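*Asks:* Sending over a structure as structure tokens; questions will come in a sec.
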Amino acid sequence: MARLRQAAAVLRRARRIPRAQWVALWRSRPVEPGTVLYDASHGTGLVDSPYAIFRHLVEAPDMAHLWHVWVVADADRRQRARDHLDSLGIARHRVRLVGYRTPAYFRHLATAGYLVSSATFPPELGKRAGQTYVNTWHGTPLKSMGYDTPGGALEAANIVRNFLAADYLVSSGPYMTDTMYRRAYRLEGLAPAEVLEVGAPRTDVQVGADEVTREAFRSRLADVGVPLDAQRPVVLVAPTWRGEAFARPELAADELTALVLALRQGEHWQVLVKAHPAVHAQAETVPGLQGVLVPPDIPANEILALTDHLVTDYSSILFDALADPRVAITFHVPDRAAYEELRPLYLPADSLPGRLCTTVDEVVTDVREGGTRAEVRRDWASRYAPFDDGDATQRVIDVVWRGRRPDRGRIVPLAKKMYAGRRVPRVLIHAGSLQRNGVTSSLIALLRHIDLDRLDVSVTWGPARDADPTGFAAAIDPRIRLLPRVGGLNGPKRVVWSRRLLESFGAGSALVPMGSLVRLMQDEWVRCFGSAHFDHVIDFGGYSPYWALLMSRGVAPAPVRSHAIWLHNDLAAEVASSAAHRTGRAQQLEQVFSLYPRYDRLVSVSESLSVVNERSLRAVAGSADFRSARNLVDITRITEMARADVAELGLDEAVVTALRDRSVYTFVTAGRLTREKNQARLVRAAATARAAGHPFAVVIMGSGPQEPSLRSLVAELGLAGTVFLTGRLANPYPVMAAADCFALTSEHEGLPMVILEALALEIPVLTTEFSSVDGVVPPGAGLVVPAEDEAVSRAMMDLLSRRPTFSTLDVDGYNATALEELASAIGLNDDQAPAGPRPSGRM
């Protein structure tokens, strides 16, 4: 089975190679300043604001030099689009239609001078010099979006990436700017784009439609099998999608069918249905919608121009309907409570500009009565669609293509965030692998203590085995901007594959084409972070050659004040241990070392560790400064998690009994079960200590490659019932809090988070001497003994016989000092940070 999975992975990669080569080829060609590429929701068709912009540009005499390319997903839609363009009299040589994610698509994505999208371009987008990106977005939000939804920070990764690449973001007004761009997608303080707060171009057609225009719209509907009678009023039913994620949308087919059938009773009303594009394919299979379902490549705003009454739910189409005061609105929300729990609304449902109906009968009654809440509707139009006056498209074109100021509305910058009269510094942190380990724990603690009024923080990472990005996102402040890497490197495969040479020989080797690799990473930076400018860049992971190069000097397009990389361990000792045990990490670390000269600061997690690392790595570090910044302790999170009952952790009953029996002295340890952590030493020491005759237990939490041998050792030494291996626990803190002593018997460490966490829980520590142990255990808070079995067993017996009292850690004082060390280590103190007193324990 494993071989089959490996073969499948190889085949998937092989299939991606031709596409990657097309992308690389076209990215090597010049940008074509006179070409405009339009994509409305991944090739839906000639719809939405991109279509409005296209119509104006193609008809403007001063824009006759432009050549237009439309992304249209499939052959049938492309034929309908071509027929429609012919009916408009638009010359074929001025417009090209291309399929989504075809070679032609990637050609124009890489070379078009203007990119216009109502949603997002795919991960291959890496905006090039000379390209202008206009994102019009497809709706003003009513329901929560982006970071405001459960798990949204992770699902919104490609959207945020697109917004950071954009030059202009189109907004219907202040509400959309603040709610969506500033809040939902966390763009304030970082996004270089200007928000064009000038109205939604797609709504112009509703305002300016006369009867001749409406008749053309009716004719277009008739051509696709949806005829309308010009003499009867039209009800448009336009629900949004349901479900927990956009990737898995659902259609409430039964409810929709019942509503349509009820509205069609009698001869008075004509009914149209405009399903969300994400569920249109599902809607096509519903028998009751035949003859009334509008295809996705017919613009919704053209249908609104024909509509007398809109029936919707939580869809953003309600904001578009506000552009035409004659259109009444009714809301059909049978699942209101459940929906709002899943996707809370930005505006109270009771304030909506129409009656809230939970049954079909209520909807029918409201439609027959012509709708209600007219005063509320007028107020909503002035608040939430103030610039949808029929000229929004002209204003966008004036700004983007003509370089003029808009005659109405305003241009809103997002990139500057201020505090106490100064711009807030922007920090980008590479988080590492986000596995459940000490590096991730220490980053969580750091992020939970940073003063986010004084620093703008973004965190990035890439896919990794056993990563827990969901747990990470849940553990940190939601104001922190998460930028997970999506997609892969753009570039010729020969250059992409040359990264293997870097990983084999290091940056200093003549065999490694560092110039090409740096240019590749410069493109990768823009692909990942757009045009965003950061003041400080940190590789907190510190173990990946890819990330070490991406975060290094000379890659970001804008100046960065400091580049720092974290050294979490005695890295020379880790290399030696890895080489001895052939784990593969030695070579990887050595290539990271070769990139140290590209950094300003090499930051170890304790002062003593910095001394150790500088002694062993000075020769390869170039001019980089060795600094130190201790890990922080997240006392609030630790104590909260420690309150859980040990009986509810799924532990063996004997473990729970030992932890609760105060006559039994318990030693606990936690960490990955590896040779470097050397839990075997603790097991052997326990066998010797047993001769003292005092009752005790040893609880080893964690999993890893040494687990089988540790279990064998426990059995061999007859320690069953005394030494317990629990496996990895999602929450180890109740066990630590219930123990008498935390033991660490590692060969080498940096500043172990588990020691800090134990001390924060007021548990004394027994640790072996590793090279950077100085200052790790405060005086009187535990024991530090030689890294020998006999020394550990003697210390255990001493603790068992005397049960001494130990001092505790001043967590607040420790954290305040650690934050000052961090600010100094990465150069924040050089920013002339905002004046005023800092809160205790915050940076």
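Residues are referred to by chain and number: the chain letter is A, B, ... according to the order shown in the structure tokens, the number counts from 1 in that chain, and ligands are numbered separately from 1 in the order shown.
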Show me a table, sorted first by chain and then by increasing residue number, of the residues of stretch 279-362 of chain A having an atom at most 10 Å from stretch 252-274 of chain A, each with its shortest atom pair and the distance in Å to one decimal, counting only C-alpha atoms and written as a Markdown table.
*Replies:*
```
| residue | atom | partner | partner_atom | distance |
| --- | --- | --- | --- | --- |
| A:Val279 | CA | A:Ala252 | CA | 9.6 |
| A:His280 | CA | A:Lys274 | CA | 8.2 |
| A:Gln282 | CA | A:Ala253 | CA | 8.3 |
| A:Ala283 | CA | A:Ala253 | CA | 7.1 |
| A:Thr285 | CA | A:Ala253 | CA | 9.5 |
| A:Val286 | CA | A:Ala253 | CA | 7.0 |
| A:Pro287 | CA | A:Thr257 | CA | 8.5 |
| A:Gly288 | CA | A:Thr257 | CA | 5.7 |
| A:Leu289 | CA | A:Thr257 | CA | 6.8 |
| A:Gln290 | CA | A:Val273 | CA | 9.7 |
| A:Gly291 | CA | A:Leu272 | CA | 8.5 |
| A:Val292 | CA | A:Leu272 | CA | 4.8 |
| A:Leu293 | CA | A:Val273 | CA | 4.8 |
| A:Val294 | CA | A:Lys274 | CA | 5.4 |
| A:Pro295 | CA | A:Lys274 | CA | 7.5 |
| A:Pro296 | CA | A:Lys274 | CA | 7.6 |
| A:Ile298 | CA | A:Lys274 | CA | 9.4 |
| A:Pro299 | CA | A:Lys274 | CA | 9.7 |
| A:Ala300 | CA | A:Lys274 | CA | 7.2 |
| A:Ile303 | CA | A:Leu272 | CA | 8.6 |
| A:Thr307 | CA | A:Leu272 | CA | 8.9 |
| A:Asp308 | CA | A:Trp269 | CA | 9.6 |
| A:His309 | CA | A:Val271 | CA | 9.6 |
| A:Leu310 | CA | A:Leu272 | CA | 9.7 |
| A:Val311 | CA | A:Val273 | CA | 9.5 |
| A:Thr312 | CA | A:Lys274 | CA | 9.8 |
| A:His332 | CA | A:Leu259 | CA | 9.1 |
| A:Pro334 | CA | A:Glu255 | CA | 8.7 |
| A:Thr359 | CA | A:Leu259 | CA | 8.8 |
| A:Val360 | CA | A:Leu259 | CA | 5.6 |
| A:Asp361 | CA | A:Ala262 | CA | 7.9 |
```
*Asks:* Could you write out, as an MDAnalysis selection string, all the residues of stretch 7-138 of chain A that DSSP marks as helix (DSSP H, G or I)?
*Replies:* chainID A and resid 7:27 48:59 61:63 75:87 92:94 103:111
*Asks:* Mind the document's chain letters and residue numbers, and return as a VMD selection string the residues of stretch 28-268 of chain A that DSSP labels strand (DSSP E).
*Replies:* chain A and resid 32 to 39 67 to 71 95 to 98 112 to 117 132 to 135 168 to 171 194 to 197 234 to 238
*Asks:* Mind dumping a table of every stretch 718-779 of chain A residue within 10 Å of stretch 563-570 of chain A, with the nearest atom pair and its distance in Å to one decimal, using only C-alpha atoms, sorted by chain and rising number, as JSON lines?
*Replies:*
```
{"residue": "A:Glu747", "atom": "CA", "partner": "A:Asp570", "partner_atom": "CA", "distance": 10.0}
{"residue": "A:His748", "atom": "CA", "partner": "A:Asp570", "partner_atom": "CA", "distance": 6.4}
{"residue": "A:Glu749", "atom": "CA", "partner": "A:Asn569", "partner_atom": "CA", "distance": 5.1}
{"residue": "A:Gly750", "atom": "CA", "partner": "A:Asn569", "partner_atom": "CA", "distance": 3.8}
{"residue": "A:Leu751", "atom": "CA", "partner": "A:His568", "partner_atom": "CA", "distance": 7.2}
{"residue": "A:Pro752", "atom": "CA", "partner": "A:His568", "partner_atom": "CA", "distance": 8.7}
{"residue": "A:Phe770", "atom": "CA", "partner": "A:Asp570", "partner_atom": "CA", "distance": 8.7}
{"residue": "A:Ser771", "atom": "CA", "partner": "A:Asp570", "partner_atom": "CA", "distance": 7.1}
{"residue": "A:Ser772", "atom": "CA", "partner": "A:Asp570", "partner_atom": "CA", "distance": 7.2}
```
*Asks:* What's around A:Pro201 at 9 Å? Count only C-alpha atoms, leave out sequence neighbours fewer than 4 positions away in its own chain, and write the answer as a tab-separated table (two decimals) with C-alpha atoms, in the first residue's frame.
*Replies:*
```
chain	number	residue	atom	x	y	z
A	48	ASP	CA	-19.95	40.64	-12.88
A	49	SER	CA	-17.82	43.78	-12.58
A	50	PRO	CA	-15.09	42.52	-14.95
A	51	TYR	CA	-17.76	42.42	-17.67
A	52	ALA	CA	-18.88	45.97	-16.86
A	53	ILE	CA	-15.28	47.18	-17.05
A	136	THR	CA	-13.42	43.86	-8.06
A	170	VAL	CA	-12.94	47.82	-5.68
A	172	SER	CA	-19.13	49.51	-2.94
A	205	VAL	CA	-26.49	48.13	-15.87
A	388	ASP	CA	-24.08	52.54	-7.09
A	390	GLY	CA	-24.68	54.01	-12.76
A	391	ASP	CA	-21.20	55.56	-13.06
A	392	ALA	CA	-19.11	53.24	-10.87
A	393	THR	CA	-17.43	51.61	-13.87
A	394	GLN	CA	-16.42	54.97	-15.29
A	395	ARG	CA	-14.80	55.91	-11.99
A	396	VAL	CA	-12.78	52.68	-11.86
```
*Asks:* Between A:Met796, A:Arg448, A:Leu717, A:Phe472, which one has atoms that come closest to A:Arg637, using only C-alpha atoms?
*Replies:*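 The shortest atom-to-atom distance to A:Arg637 comes from A:Arg448.
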*Asks:* Provide the atom CA of A:Leu57 to atom CA of A:Met180 distance in Å, to one decimal place.
*Replies:* 27.3 Å
*Asks:* Can you pull out every residue within 12 Å of A:Arg728, counting only C-alpha atoms, but drop anything in the same chain fewer than 4 positions away, and send it as a ChimeraX atom specification?
*Replies:* /A:436-437,649-651,669-673,699-704,707,732
*Asks:* Using only C-alpha atoms for the distances, tell me which of A:Pro406, A:Gly43, A:Pro778, A:Pro233 is nearest to A:Pro277.
*Replies:*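 Nearest candidate to A:Pro277 out of A:Pro406, A:Gly43, A:Pro778, A:Pro233: A:Gly43.
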*Asks:* State, in Å with one decimal place, the distance from atom CA of A:Ser552 to atom CA of A:Tyr599.
*Replies:*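 It comes out at 5.8 Å.
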*Asks:* Could you give me, as a ChimeraX atom specification, the residues within 8 Å of stretch 67-76 of chain A, counting only C-alpha atoms and dropping anything in the same chain fewer than 3 positions from it?
*Replies:* /A:34-40,42-46,54,79-80,94-100,105,108
*Asks:* Mind checking which residues fall within 9 Å of A:Leu443, counting only C-alpha atoms, ignoring those fewer than 3 positions away in the same chain, and posting them as a short mmCIF file (atom, residue, chain, number, x, y, z; two decimals) with N, CA and C atoms, in the first residue's frame?
*Replies:*
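Now in part38.cif:
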```
data_model
loop_
_atom_site.label_atom_id
_atom_site.label_comp_id
_atom_site.auth_asym_id
_atom_site.auth_seq_id
_atom_site.Cartn_x
_atom_site.Cartn_y
_atom_site.Cartn_z
N ALA A 431 6.82 30.20 10.73
CA ALA A 431 6.51 29.48 11.96
C ALA A 431 7.20 28.13 12.08
N GLY A 438 8.22 21.69 20.66
CA GLY A 438 8.66 22.84 21.44
C GLY A 438 8.76 24.11 20.62
N VAL A 439 9.15 24.00 19.35
CA VAL A 439 9.26 25.19 18.51
C VAL A 439 7.89 25.85 18.36
N THR A 440 6.88 25.03 18.06
CA THR A 440 5.53 25.57 17.91
C THR A 440 5.01 26.14 19.22
N LEU A 446 5.08 33.23 22.39
CA LEU A 446 5.55 34.54 21.94
C LEU A 446 4.40 35.36 21.36
N LEU A 447 3.62 34.74 20.47
CA LEU A 447 2.56 35.47 19.79
C LEU A 447 1.46 35.90 20.75
N ARG A 448 1.27 35.16 21.81
CA ARG A 448 0.23 35.51 22.77
C ARG A 448 0.66 36.64 23.71
N PHE A 540 11.57 31.71 12.18
CA PHE A 540 11.52 31.16 13.52
C PHE A 540 11.71 29.65 13.49
N ASN A 631 12.76 31.98 25.13
CA ASN A 631 11.36 31.64 24.89
C ASN A 631 10.49 32.19 26.01
N LEU A 632 9.26 32.51 25.67
CA LEU A 632 8.32 33.00 26.66
C LEU A 632 7.47 31.86 27.22
#
```
*Asks:* Counting only C-alpha atoms, figure out which residue out of A:His449, A:Arg479, A:Arg248, A:His694 gets nearest to A:Glu155.
*Replies:*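 Smallest separation from A:Glu155 among the options: A:Arg248.
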*Asks:* Would you list the contacts of stretch 495-508 of chain A as JSON, numbers by chain, taking every protein, DNA or RNA residue within 12 Å and counting only C-alpha atoms, but skipping same-chain residues closer than 5 positions in sequence?
*Replies:* {"A": [17, 20, 21, 24, 488, 489, 490, 513, 514, 515, 516, 517, 518, 519, 520, 521, 523, 524, 543, 544, 545, 546, 547, 548, 549, 550, 584, 585, 586, 587, 588, 589, 590, 591, 592, 593, 594, 595, 596, 597, 598, 620, 621, 622]}
*Asks:* If I take atom CA of A:Pro353 and atom CA of A:Glu197, how far is one from the other in Å, to one decimal?
*Replies:*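 Between atom CA of A:Pro353 and atom CA of A:Glu197 the gap works out to 22.4 Å.
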*Asks:* Hey, which of A:Leu347, A:Val207, A:Ala420, A:Ile397 ends up closest to A:Tyr168? Count only C-alpha atoms.
*Replies:* A:Ile397
